[in-house]
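J.: Provided below: coords-v9.cif, containing mmCIF, C-alpha atoms.
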data_work
loop_
_atom_site.group_PDB
_atom_site.id
_atom_site.type_symbol
_atom_site.label_atom_id
_atom_site.label_comp_id
_atom_site.auth_asym_id
_atom_site.auth_seq_id
_atom_site.Cartn_x
_atom_site.Cartn_y
_atom_site.Cartn_z
ATOM 1 C CA LEU I 636 83.355 61.418 -14.959
ATOM 2 C CA SER I 637 81.762 60.465 -18.244
ATOM 3 C CA LEU I 638 78.082 59.643 -18.488
ATOM 4 C CA ALA I 639 79.001 56.031 -19.280
ATOM 5 C CA CYS I 640 81.069 55.795 -16.082
ATOM 6 C CA ILE I 641 78.262 57.258 -14.001
ATOM 7 C CA ARG I 642 75.794 54.744 -15.428
ATOM 8 C CA THR I 643 78.196 51.872 -14.750
ATOM 9 C CA MET I 644 78.732 53.000 -11.154
ATOM 10 C CA ALA I 645 74.990 53.366 -10.651
ATOM 11 C CA SER I 646 74.381 49.887 -12.045
ATOM 12 C CA GLN I 647 77.058 48.370 -9.791
ATOM 13 C CA SER I 648 75.665 50.193 -6.784
ATOM 14 C CA ALA I 649 72.172 48.934 -7.567
ATOM 15 C CA LYS I 650 73.403 45.358 -7.793
ATOM 16 C CA GLN I 651 75.259 45.675 -4.479
ATOM 17 C CA ALA I 652 72.092 46.984 -2.854
ATOM 18 C CA ALA I 653 69.856 44.363 -4.472
ATOM 19 C CA PRO I 654 67.931 42.146 -2.053
ATOM 20 C CA LYS I 655 69.420 38.656 -1.833
ATOM 21 C CA LEU I 656 67.528 35.402 -1.429
ATOM 22 C CA ARG I 657 68.119 31.707 -1.024
ATOM 23 C CA TYR I 658 65.667 30.136 -3.425
ATOM 24 C CA LEU I 659 64.592 26.644 -2.397
ATOM 25 C CA SER I 660 63.299 25.091 -5.579
ATOM 26 C CA ALA I 661 63.005 21.973 -7.748
ATOM 27 C CA TRP I 662 63.750 22.037 -11.455
ATOM 28 C CA PHE I 663 60.647 20.052 -12.398
ATOM 29 C CA CYS I 664 58.047 21.880 -10.302
ATOM 30 C CA PRO I 665 55.707 24.259 -12.176
ATOM 31 C CA TYR I 666 54.749 25.975 -8.920
ATOM 32 C CA ALA I 667 58.398 26.818 -8.323
ATOM 33 C CA HIS I 668 58.696 27.807 -11.975
ATOM 34 C CA ARG I 669 56.418 30.753 -11.197
ATOM 35 C CA ALA I 670 58.973 32.116 -8.754
ATOM 36 C CA THR I 671 61.813 31.435 -11.191
ATOM 37 C CA ILE I 672 60.132 33.505 -13.908
ATOM 38 C CA ALA I 673 59.554 36.363 -11.463
ATOM 39 C CA LEU I 674 63.171 36.229 -10.267
ATOM 40 C CA GLU I 675 64.552 36.241 -13.789
ATOM 41 C CA HIS I 676 62.195 39.052 -14.781
ATOM 42 C CA HIS I 677 63.708 41.128 -11.967
ATOM 43 C CA ALA I 678 67.226 39.697 -12.277
ATOM 44 C CA ASP I 679 68.797 43.177 -12.268
ATOM 45 C CA LEU I 680 67.035 44.118 -9.047
ATOM 46 C CA VAL I 681 66.891 40.929 -6.965
ATOM 47 C CA SER I 682 69.694 38.377 -6.655
ATOM 48 C CA TYR I 683 69.216 34.779 -5.621
ATOM 49 C CA GLU I 684 70.989 31.505 -4.996
ATOM 50 C CA TRP I 685 69.193 28.421 -6.332
ATOM 51 C CA VAL I 686 69.020 25.470 -3.918
ATOM 52 C CA GLU I 687 67.647 22.216 -5.334
ATOM 53 C CA ALA I 688 65.543 21.160 -2.355
ATOM 54 C CA LEU I 689 63.676 17.993 -3.397
ATOM 55 C CA GLY I 690 64.600 14.565 -4.732
ATOM 56 C CA TRP I 691 62.747 11.362 -5.656
ATOM 57 C CA GLU I 692 63.187 7.644 -5.177
ATOM 58 C CA GLN I 693 61.108 4.685 -6.331
ATOM 59 C CA ARG I 694 59.726 2.133 -3.872
ATOM 60 C CA ASN I 695 57.489 -0.924 -4.070
ATOM 61 C CA ASP I 696 53.820 -0.123 -3.550
ATOM 62 C CA LYS I 697 53.323 -2.666 -0.776
ATOM 63 C CA ASN I 698 49.964 -1.239 0.316
ATOM 64 C CA ASN I 699 48.612 -0.871 -3.235
ATOM 65 C CA VAL I 700 48.121 2.873 -2.748
ATOM 66 C CA THR I 701 48.804 3.783 -6.367
ATOM 67 C CA GLY I 702 47.559 0.568 -7.926
ATOM 68 C CA THR I 703 50.642 0.433 -10.146
ATOM 69 C CA GLY I 704 52.901 -1.802 -8.068
ATOM 70 C CA LYS I 705 55.296 1.095 -7.562
ATOM 71 C CA GLU I 706 55.310 4.489 -5.948
ATOM 72 C CA TRP I 707 57.587 7.505 -6.166
ATOM 73 C CA TRP I 708 58.312 9.379 -2.938
ATOM 74 C CA TYR I 709 60.367 12.416 -2.132
ATOM 75 C CA HIS I 710 63.284 10.583 -0.549
ATOM 76 C CA TRP I 711 64.775 13.807 0.699
ATOM 77 C CA LYS I 712 63.872 17.404 1.355
ATOM 78 C CA ALA I 713 66.565 19.920 2.185
ATOM 79 C CA ASP I 714 66.724 20.507 5.938
ATOM 80 C CA GLU I 715 66.279 24.232 5.486
ATOM 81 C CA LEU I 716 63.125 23.575 3.444
ATOM 82 C CA THR I 717 61.484 21.608 6.254
ATOM 83 C CA ARG I 718 62.638 24.243 8.759
ATOM 84 C CA SER I 719 61.488 27.218 6.692
ATOM 85 C CA ASN I 720 58.191 25.982 5.290
ATOM 86 C CA PRO I 721 55.739 24.040 7.482
ATOM 87 C CA SER I 722 54.421 22.233 4.392
ATOM 88 C CA GLY I 723 57.887 21.440 3.062
ATOM 89 C CA LEU I 724 56.966 22.712 -0.407
ATOM 90 C CA VAL I 725 58.732 24.698 -3.081
ATOM 91 C CA PRO I 726 59.053 27.497 -3.905
ATOM 92 C CA THR I 727 60.336 28.858 -0.611
ATOM 93 C CA LEU I 728 62.304 32.099 -0.455
ATOM 94 C CA ILE I 729 64.637 32.918 2.435
ATOM 95 C CA PRO I 730 66.011 36.474 2.674
ATOM 96 C CA LEU I 731 69.685 36.965 3.462
ATOM 97 C CA ASP I 732 70.758 39.631 5.951
ATOM 98 C CA GLU I 733 73.582 42.125 5.454
ATOM 99 C CA ASP I 734 76.111 39.485 6.478
ATOM 100 C CA GLY I 735 74.745 37.017 3.959
ATOM 101 C CA GLU I 736 73.104 34.844 6.621
ATOM 102 C CA PRO I 737 69.661 33.353 5.852
ATOM 103 C CA ASN I 738 66.794 34.538 8.030
ATOM 104 C CA GLU I 739 64.535 31.479 8.037
ATOM 105 C CA GLU I 740 62.032 33.183 10.342
ATOM 106 C CA LYS I 741 61.149 35.479 7.434
ATOM 107 C CA SER I 742 60.780 32.793 4.766
ATOM 108 C CA VAL I 743 58.088 33.309 2.137
ATOM 109 C CA TYR I 744 56.219 30.510 0.365
ATOM 110 C CA GLU I 745 53.137 29.654 -1.730
ATOM 111 C CA SER I 746 53.865 30.288 -5.375
ATOM 112 C CA LEU I 747 51.461 33.146 -6.137
ATOM 113 C CA ILE I 748 52.555 34.932 -2.969
ATOM 114 C CA THR I 749 56.222 34.597 -3.928
ATOM 115 C CA ILE I 750 55.530 36.456 -7.190
ATOM 116 C CA ASP I 751 54.092 39.396 -5.246
ATOM 117 C CA TYR I 752 56.975 39.258 -2.751
ATOM 118 C CA ILE I 753 59.671 39.273 -5.436
ATOM 119 C CA ASP I 754 57.919 42.115 -7.233
ATOM 120 C CA ALA I 755 57.722 44.167 -4.031
ATOM 121 C CA LEU I 756 61.417 43.567 -3.308
ATOM 122 C CA ALA I 757 62.364 44.656 -6.828
ATOM 123 C CA ASN I 758 60.455 47.940 -6.540
ATOM 124 C CA ALA I 759 60.788 48.337 -10.310
ATOM 125 C CA GLU I 760 59.567 51.051 -12.626
ATOM 126 C CA GLU I 761 55.859 50.728 -13.380
ATOM 127 C CA GLN I 762 56.201 49.043 -16.781
ATOM 128 C CA GLN I 763 58.358 46.304 -15.212
ATOM 129 C CA ARG I 764 56.120 45.680 -12.213
ATOM 130 C CA LEU I 765 54.367 42.320 -12.186
ATOM 131 C CA VAL I 766 51.649 43.660 -9.907
ATOM 132 C CA PRO I 767 50.466 47.089 -11.123
ATOM 133 C CA SER I 768 50.484 49.995 -8.685
ATOM 134 C CA ASP I 769 46.975 50.930 -9.816
ATOM 135 C CA PRO I 770 44.651 49.347 -7.208
ATOM 136 C CA TYR I 771 42.042 48.250 -9.754
ATOM 137 C CA LEU I 772 44.564 46.618 -12.084
ATOM 138 C CA ALA I 773 46.309 44.963 -9.130
ATOM 139 C CA ALA I 774 42.991 43.517 -7.932
ATOM 140 C CA LYS I 775 42.118 42.372 -11.452
ATOM 141 C CA CYS I 776 45.477 40.641 -11.891
ATOM 142 C CA ARG I 777 45.230 38.867 -8.545
ATOM 143 C CA TYR I 778 41.699 37.705 -9.331
ATOM 144 C CA TRP I 779 42.751 36.263 -12.679
ATOM 145 C CA ALA I 780 45.951 34.764 -11.285
ATOM 146 C CA ASP I 781 43.830 32.787 -8.830
ATOM 147 C CA LYS I 782 41.243 31.947 -11.485
ATOM 148 C CA VAL I 783 43.742 30.454 -13.942
ATOM 149 C CA ASN I 784 45.423 28.619 -11.059
ATOM 150 C CA ARG I 785 42.138 26.873 -10.263
ATOM 151 C CA GLU I 786 40.827 26.414 -13.810
ATOM 152 C CA CYS I 787 43.923 25.987 -16.016
ATOM 153 C CA CYS I 788 46.582 24.600 -13.671
ATOM 154 C CA SER I 789 44.913 22.312 -11.130
ATOM 155 C CA PRO I 790 43.052 20.247 -13.796
ATOM 156 C CA TYR I 791 46.445 19.405 -15.329
ATOM 157 C CA TYR I 792 46.959 16.931 -12.497
ATOM 158 C CA GLY I 793 43.469 15.521 -12.862
ATOM 159 C CA VAL I 794 44.273 14.611 -16.468
ATOM 160 C CA LEU I 795 47.445 12.875 -15.326
ATOM 161 C CA VAL I 796 46.733 11.292 -11.943
ATOM 162 C CA ARG I 797 43.113 10.174 -12.221
ATOM 163 C CA THR I 798 42.809 6.688 -13.680
ATOM 164 C CA ASP I 799 39.195 6.839 -14.879
ATOM 165 C CA GLU I 800 39.036 7.989 -18.519
ATOM 166 C CA GLU I 801 35.834 9.940 -18.006
ATOM 167 C CA GLU I 802 37.367 11.829 -15.086
ATOM 168 C CA ARG I 803 40.498 12.578 -17.108
ATOM 169 C CA MET I 804 38.456 14.036 -19.956
ATOM 170 C CA GLU I 805 36.306 16.000 -17.511
ATOM 171 C CA ASN I 806 39.455 17.643 -16.152
ATOM 172 C CA PHE I 807 40.781 18.298 -19.643
ATOM 173 C CA ASN I 808 37.535 19.957 -20.727
ATOM 174 C CA LYS I 809 37.566 22.096 -17.596
ATOM 175 C CA LEU I 810 41.125 23.143 -18.393
ATOM 176 C CA VAL I 811 40.292 24.078 -21.992
ATOM 177 C CA SER I 812 37.235 25.991 -20.797
ATOM 178 C CA GLY I 813 39.504 27.939 -18.436
ATOM 179 C CA LEU I 814 41.902 28.707 -21.280
ATOM 180 C CA LYS I 815 39.024 30.015 -23.384
ATOM 181 C CA ALA I 816 37.938 32.331 -20.566
ATOM 182 C CA PHE I 817 41.530 33.574 -20.264
ATOM 183 C CA SER I 818 41.697 33.986 -24.052
ATOM 184 C CA ARG I 819 38.542 36.117 -24.089
ATOM 185 C CA GLU I 820 39.922 38.286 -21.306
ATOM 186 C CA ILE I 821 43.284 38.996 -22.964
ATOM 187 C CA GLU I 822 41.505 39.689 -26.249
ATOM 188 C CA LYS I 823 39.914 42.692 -24.546
ATOM 189 C CA ASN I 824 43.367 44.237 -24.137
ATOM 190 C CA GLY I 825 43.770 44.754 -27.870
ATOM 191 C CA ASP I 826 47.051 43.162 -28.903
ATOM 192 C CA GLY I 827 46.682 40.026 -26.756
ATOM 193 C CA LYS I 828 50.431 39.729 -26.208
ATOM 194 C CA THR I 829 50.153 39.651 -22.432
ATOM 195 C CA PHE I 830 47.343 39.855 -19.901
ATOM 196 C CA LEU I 831 47.868 43.605 -19.500
ATOM 197 C CA GLY I 832 48.736 44.154 -23.166
ATOM 198 C CA GLY I 833 52.010 44.910 -24.908
ATOM 199 C CA ASP I 834 55.078 43.152 -23.570
ATOM 200 C CA ARG I 835 54.270 43.830 -19.928
ATOM 201 C CA LEU I 836 54.222 40.649 -17.851
ATOM 202 C CA SER I 837 51.983 40.361 -14.820
ATOM 203 C CA ASN I 838 51.398 37.890 -12.018
ATOM 204 C CA THR I 839 48.430 36.615 -14.041
ATOM 205 C CA ASP I 840 50.674 35.653 -16.957
ATOM 206 C CA ILE I 841 53.176 33.992 -14.638
ATOM 207 C CA SER I 842 50.415 32.095 -12.838
ATOM 208 C CA LEU I 843 49.599 30.256 -16.079
ATOM 209 C CA MET I 844 52.905 30.099 -17.958
ATOM 210 C CA PRO I 845 54.559 27.066 -16.278
ATOM 211 C CA TRP I 846 51.553 24.874 -17.064
ATOM 212 C CA ALA I 847 50.991 26.349 -20.524
ATOM 213 C CA PHE I 848 54.555 25.327 -21.343
ATOM 214 C CA ARG I 849 53.917 21.788 -20.049
ATOM 215 C CA TYR I 850 50.626 21.011 -21.832
ATOM 216 C CA TYR I 851 52.622 19.286 -24.570
ATOM 217 C CA ILE I 852 52.870 16.210 -22.358
ATOM 218 C CA PHE I 853 49.120 15.507 -22.626
ATOM 219 C CA GLU I 854 49.239 14.219 -26.170
ATOM 220 C CA HIS I 855 52.194 11.975 -25.359
ATOM 221 C CA TYR I 856 50.629 10.316 -22.309
ATOM 222 C CA ARG I 857 46.895 10.623 -23.013
ATOM 223 C CA GLY I 858 46.557 10.661 -26.799
ATOM 224 C CA GLU I 859 45.636 13.082 -29.577
ATOM 225 C CA GLU I 860 42.226 13.857 -28.105
ATOM 226 C CA TYR I 861 44.049 15.591 -25.236
ATOM 227 C CA ALA I 862 45.967 18.016 -27.448
ATOM 228 C CA ILE I 863 45.158 21.679 -26.742
ATOM 229 C CA PRO I 864 42.912 22.785 -29.672
ATOM 230 C CA TYR I 865 44.910 25.875 -30.638
ATOM 231 C CA ASP I 866 43.103 26.138 -33.975
ATOM 232 C CA GLU I 867 39.720 26.825 -32.346
ATOM 233 C CA PRO I 868 38.746 30.503 -32.776
ATOM 234 C CA GLU I 869 38.152 30.879 -29.039
ATOM 235 C CA LEU I 870 41.824 30.094 -28.402
ATOM 236 C CA HIS I 871 43.405 32.306 -31.071
ATOM 237 C CA ALA I 872 44.186 35.048 -28.541
ATOM 238 C CA TYR I 873 45.611 32.457 -26.154
ATOM 239 C CA LYS I 874 47.870 31.079 -28.904
ATOM 240 C CA GLU I 875 49.139 34.580 -29.674
ATOM 241 C CA TRP I 876 49.778 35.127 -25.979
ATOM 242 C CA PHE I 877 51.571 31.780 -25.778
ATOM 243 C CA ASP I 878 53.877 32.562 -28.704
ATOM 244 C CA ASN I 879 54.710 35.987 -27.294
ATOM 245 C CA VAL I 880 55.449 35.196 -23.647
ATOM 246 C CA PHE I 881 57.630 32.211 -24.475
ATOM 247 C CA SER I 882 59.690 34.307 -26.880
ATOM 248 C CA LEU I 883 60.837 36.638 -24.077
ATOM 249 C CA GLU I 884 64.498 36.126 -23.187
ATOM 250 C CA SER I 885 63.894 36.318 -19.434
ATOM 251 C CA VAL I 886 61.352 33.517 -19.803
ATOM 252 C CA LYS I 887 63.272 31.313 -22.238
ATOM 253 C CA ARG I 888 66.161 30.895 -19.826
ATOM 254 C CA THR I 889 63.811 29.459 -17.175
ATOM 255 C CA LEU I 890 62.350 26.645 -19.291
ATOM 256 C CA PRO I 891 63.199 23.040 -18.400
ATOM 257 C CA ASP I 892 64.326 20.623 -21.092
ATOM 258 C CA LYS I 893 61.207 19.129 -22.666
ATOM 259 C CA ASP I 894 62.493 15.565 -22.944
ATOM 260 C CA ARG I 895 63.773 15.567 -19.383
ATOM 261 C CA TYR I 896 60.468 16.881 -18.070
ATOM 262 C CA LEU I 897 58.478 14.415 -20.177
ATOM 263 C CA GLU I 898 60.342 11.563 -18.524
ATOM 264 C CA HIS I 899 59.905 13.079 -15.064
ATOM 265 C CA ILE I 900 56.140 13.567 -15.360
ATOM 266 C CA GLY I 901 55.672 9.915 -16.252
ATOM 267 C CA LYS I 902 55.387 9.138 -12.554
ATOM 268 C CA TYR I 903 52.245 11.292 -12.482
ATOM 269 C CA ALA I 904 50.928 9.894 -15.764
ATOM 270 C CA ASP I 905 51.033 6.317 -14.432
ATOM 271 C CA SER I 906 49.652 7.506 -11.078
ATOM 272 C CA SER I 907 52.661 6.265 -9.100
ATOM 273 C CA ALA I 908 53.748 9.690 -7.767
ATOM 274 C CA ARG I 909 53.181 10.268 -4.053
ATOM 275 C CA SER I 910 53.676 14.026 -3.800
ATOM 276 C CA LYS I 911 51.220 16.196 -1.858
ATOM 277 C CA VAL I 912 49.586 17.323 -5.105
ATOM 278 C CA ALA I 913 49.282 13.792 -6.503
ATOM 279 C CA ASN I 914 47.919 12.480 -3.207
ATOM 280 C CA ALA I 915 45.287 15.244 -3.084
ATOM 281 C CA VAL I 916 44.129 14.520 -6.637
ATOM 282 C CA ARG I 917 44.149 10.774 -5.956
ATOM 283 C CA ARG I 918 41.752 11.243 -3.013
ATOM 284 C CA GLY I 919 39.380 13.254 -5.231
ATOM 285 C CA VAL I 920 40.069 16.951 -4.649
ATOM 286 C CA SER I 921 41.791 19.550 -6.803
ATOM 287 C CA ALA I 922 45.524 20.203 -6.709
ATOM 288 C CA HIS I 923 44.990 23.604 -5.057
ATOM 289 C CA GLU I 924 43.078 21.948 -2.221
ATOM 290 C CA ILE I 925 45.964 20.035 -0.636
ATOM 291 C CA GLU I 926 45.908 19.579 3.132
ATOM 292 C CA ASP I 927 49.075 18.878 5.081
ATOM 293 C CA ASP I 928 47.470 16.383 7.456
ATOM 294 C CA LYS I 929 45.851 14.360 4.638
ATOM 295 C CA ASP I 930 48.287 14.697 1.739
ATOM 296 C CA THR I 931 51.602 13.776 3.316
#
Let me see whether you can do it: turn the structure in this file into structure tokens.

T.:
Amino acid sequence: LSLACIRTMASQSAKQAAPKLRYLSAWFCPYAHRATIALEHHADLVSYEWVEALGWEQRNDKNNVTGTGKEWWYHWKADELTRSNPSGLVPTLIPLDEDGEPNEEKSVYESLITIDYIDALANAEEQQRLVPSDPYLAAKCRYWADKVNRECCSPYYGVLVRTDEEERMENFNKLVSGLKAFSREIEKNGDGKTFLGGDRLSNTDISLMPWAFRYYIFEHYRGEEYAIPYDEPELHAYKEWFDNVFSLESVKRTLPDKDRYLEHIGKYADSSARSKVANAVRRGVSAHEIEDDKDT
């Protein structure tokens, strides 16, 4: 056999042996987008079937909950989503057994956890791992993934859902402050292309990327004063990071259409959305502090 044939057979064998997942998702959800980026990053090592698991409908706001005269509810959630995830949230990953049957008892959810899970399933070479094998680097990445989630992602919803202008700006300033901290950290890595340097993606990068892509909606719904100040020196490293990660082919194919998303997020911008995240922010806590019994 030629070397080319051997490589082809090895590639086919690897694909046959690749772990398979049912991926319960929603095209618009940035939390699910984290899992999508991880899955596409490891597309040669993990296979998945996308299941659109959420849908919306508009209703009259009879109880004046949103104060807008209207409210948007999830009018359906896929049955397997409610069975597999006690919170009924995406992303949710369900492994398939050797016969291709989903094992809902082993479902995995919570977006940052799904990144780690996908990376562990892929068992890739070190340079392709999203969570480094080095214990210190792994701990550092997990710390920063959580930090940007709290400081750069959760305030996004405060800018959109809160109706008081002072509160909106407070959330925006917190978000920009978080981006500057992230920018200073990646600047330490030399080239600033990714959190770990070079073209190596990590769970920290993926924690931030879905929201970084979506910040463009601020200026549209909240005005020029809410535009990310990319020209500030403290954000130069962040802007370089931004340009690099969104030029990667595995990332580009995960990005939602900007116009379609802009229209979708309008229900958050006018405070009429009634998702768990929107309800949490409406009652005065951060998006990462949702509680199932309060934010139905």

J.: Could you list, as an NGL selection string, every residue within 12 Å of region 856-866 of chain I, counting only C-alpha atoms and ignoring same-chain residues fewer than 4 positions away?

T.: :I and (787 or 791 or 793-800 or 803-815 or 818 or 847-852 or 870-878 or 897-898 or 900-906)

J.: I'd like the contact shell of Ser837 (chain I) - 7 Å cut-off, only C-alpha atoms, skipping same-chain residues fewer than 5 positions apart - returned as a ChimeraX atom specification.

T.: /I:765-766,830

J.: As a PyMOL selection string, please: the residues near Thr839 (chain I) (cut-off 10 Å, all atoms listed in the file, same-chain neighbours under 2 positions excluded).

T.: chain I and resi 747+750+765-766+773+775-784+817+829-831+836-837+841-844

J.: Store the residues of this selection in a file with C-alpha atoms, as a compact mmCIF listing (two decimals), in the coordinates of the input.

T.:
# COMPACT_ATOMS: atom_id res chain seq x y z
CA LEU I 747 51.46 33.15 -6.14
CA ILE I 750 55.53 36.46 -7.19
CA LEU I 765 54.37 42.32 -12.19
CA VAL I 766 51.65 43.66 -9.91
CA ALA I 773 46.31 44.96 -9.13
CA LYS I 775 42.12 42.37 -11.45
CA CYS I 776 45.48 40.64 -11.89
CA ARG I 777 45.23 38.87 -8.54
CA TYR I 778 41.70 37.70 -9.33
CA TRP I 779 42.75 36.26 -12.68
CA ALA I 780 45.95 34.76 -11.28
CA ASP I 781 43.83 32.79 -8.83
CA LYS I 782 41.24 31.95 -11.48
CA VAL I 783 43.74 30.45 -13.94
CA ASN I 784 45.42 28.62 -11.06
CA PHE I 817 41.53 33.57 -20.26
CA THR I 829 50.15 39.65 -22.43
CA PHE I 830 47.34 39.85 -19.90
CA LEU I 831 47.87 43.60 -19.50
CA LEU I 836 54.22 40.65 -17.85
CA SER I 837 51.98 40.36 -14.82
CA ILE I 841 53.18 33.99 -14.64
CA SER I 842 50.42 32.10 -12.84
CA LEU I 843 49.60 30.26 -16.08
CA MET I 844 52.90 30.10 -17.96

J.: Would you work out the distance separating CA of Gly735 (chain I) from CA of Val681 (chain I), expressed in Å to one decimal?

T.: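 These two atoms are separated by 14.0 Å.
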
J.: Go through I:Thr671, I:Gly702, I:Leu680, I:Gly832 one by one, measure the shortest atom-to-atom distance of each to Val880 (chain I) using only C-alpha atoms, and give the residue with the smallest value.

T.: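 For Val880 (chain I), the nearest of the given residues is I:Gly832.
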
J.: Between CA of Pro726 (chain I) and CA of Glu740 (chain I), what is the spacing in Å?

T.: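 Distance between the two atoms: 15.6 Å.
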
J.: May I have the protein, DNA and RNA residues with an atom at most 8 Å from (58.1, 18.8, -15.6), counting only C-alpha atoms in the file's coordinates, returned as a PyMOL selection string?

T.: chain I and resi 662-665+849+891+893+895-897+899-900

J.: Of the candidates I:Asn699, I:Thr889, I:Thr931, I:Ser921, which shows the shortest atom-to-atom distance to Ile672 (chain I), using all atoms listed in the file?

T.: I:Thr889

J.: In Å, with one decimal, what is the gap from CA of Asp826 (chain I) to CA of Asn879 (chain I)?

T.: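 We find that CA of Asp826 (chain I) and CA of Asn879 (chain I) lie 10.6 Å from each other.
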
J.: Return as a list of chain:residue names the set of residues that the PyMOL selection byres ((chain I and resi 716) around 10) yields on the displayed structure.

T.: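 Selected by the PyMOL selection byres ((chain I and resi 716) around 10) in this file: I:Tyr658, I:Leu659, I:Ser660, I:Val686, I:Glu687, I:Ala688, I:Leu689, I:Lys712, I:Ala713, I:Asp714, I:Glu715, I:Thr717, I:Arg718, I:Ser719, I:Asn720, I:Pro721, I:Ser722, I:Gly723, I:Leu724, I:Val725, I:Pro726, I:Thr727, I:Leu728, I:Ile729, I:Glu739, I:Ser742.
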
J.: Please, which residues are within 9 Å of (56.9, 0.6, -2.9) by the file's coordinates, counting all atoms listed in the file, and could they come as a list in words?

T.: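 Taken together, the residues in range are Gln693, Arg694, Asn695, Asp696, Lys697, Asn698, Asn699, Gly704, Lys705, Glu706, Trp707 and Trp708 of chain I.
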
J.: Considering only C-alpha atoms, state which residue in the set I:Arg819, I:Lys929, I:Arg657, I:Lys741 is at the smallest distance from Arg917 (chain I).

T.: I:Lys929

J.: Let me know the residues the PyMOL selection byres ((chain I and resi 674) around 10) catches in the file above, as a PyMOL selection string.

T.: chain I and resi 656+658+668-673+675-683+749-750+753-754+757+885+889

J.: Between I:Ala667, I:Glu761, I:Thr701, I:Glu684, which residue has the minimum interatomic distance to Arg918 (chain I), considering only C-alpha atoms?

T.: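 Among I:Ala667, I:Glu761, I:Thr701, I:Glu684, it is I:Thr701 that comes nearest to Arg918 (chain I).
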
J.: Evaluated on this file, the PyMOL selection byres ((chain I and resi 911) around 9) picks out some residues - which ones are they, written as a PDB file with C-alpha atoms, in the frame of the given file?

T.:
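File expr.pdb, as written:
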ATOM      1  CA  LEU I 724      56.966  22.712  -0.407  1.00  0.00           C
ATOM      2  CA  ARG I 909      53.181  10.268  -4.053  1.00  0.00           C
ATOM      3  CA  SER I 910      53.676  14.026  -3.800  1.00  0.00           C
ATOM      4  CA  VAL I 912      49.586  17.323  -5.105  1.00  0.00           C
ATOM      5  CA  ALA I 913      49.282  13.792  -6.503  1.00  0.00           C
ATOM      6  CA  ASN I 914      47.919  12.480  -3.207  1.00  0.00           C
ATOM      7  CA  ALA I 915      45.287  15.244  -3.084  1.00  0.00           C
ATOM      8  CA  VAL I 916      44.129  14.520  -6.637  1.00  0.00           C
ATOM      9  CA  ALA I 922      45.524  20.203  -6.709  1.00  0.00           C
ATOM     10  CA  ILE I 925      45.964  20.035  -0.636  1.00  0.00           C
ATOM     11  CA  GLU I 926      45.908  19.579   3.132  1.00  0.00           C
ATOM     12  CA  ASP I 927      49.075  18.878   5.081  1.00  0.00           C
ATOM     13  CA  LYS I 929      45.851  14.360   4.638  1.00  0.00           C
ATOM     14  CA  ASP I 930      48.287  14.697   1.739  1.00  0.00           C
ATOM     15  CA  THR I 931      51.602  13.776   3.316  1.00  0.00           C
TER      16      THR I 931
END
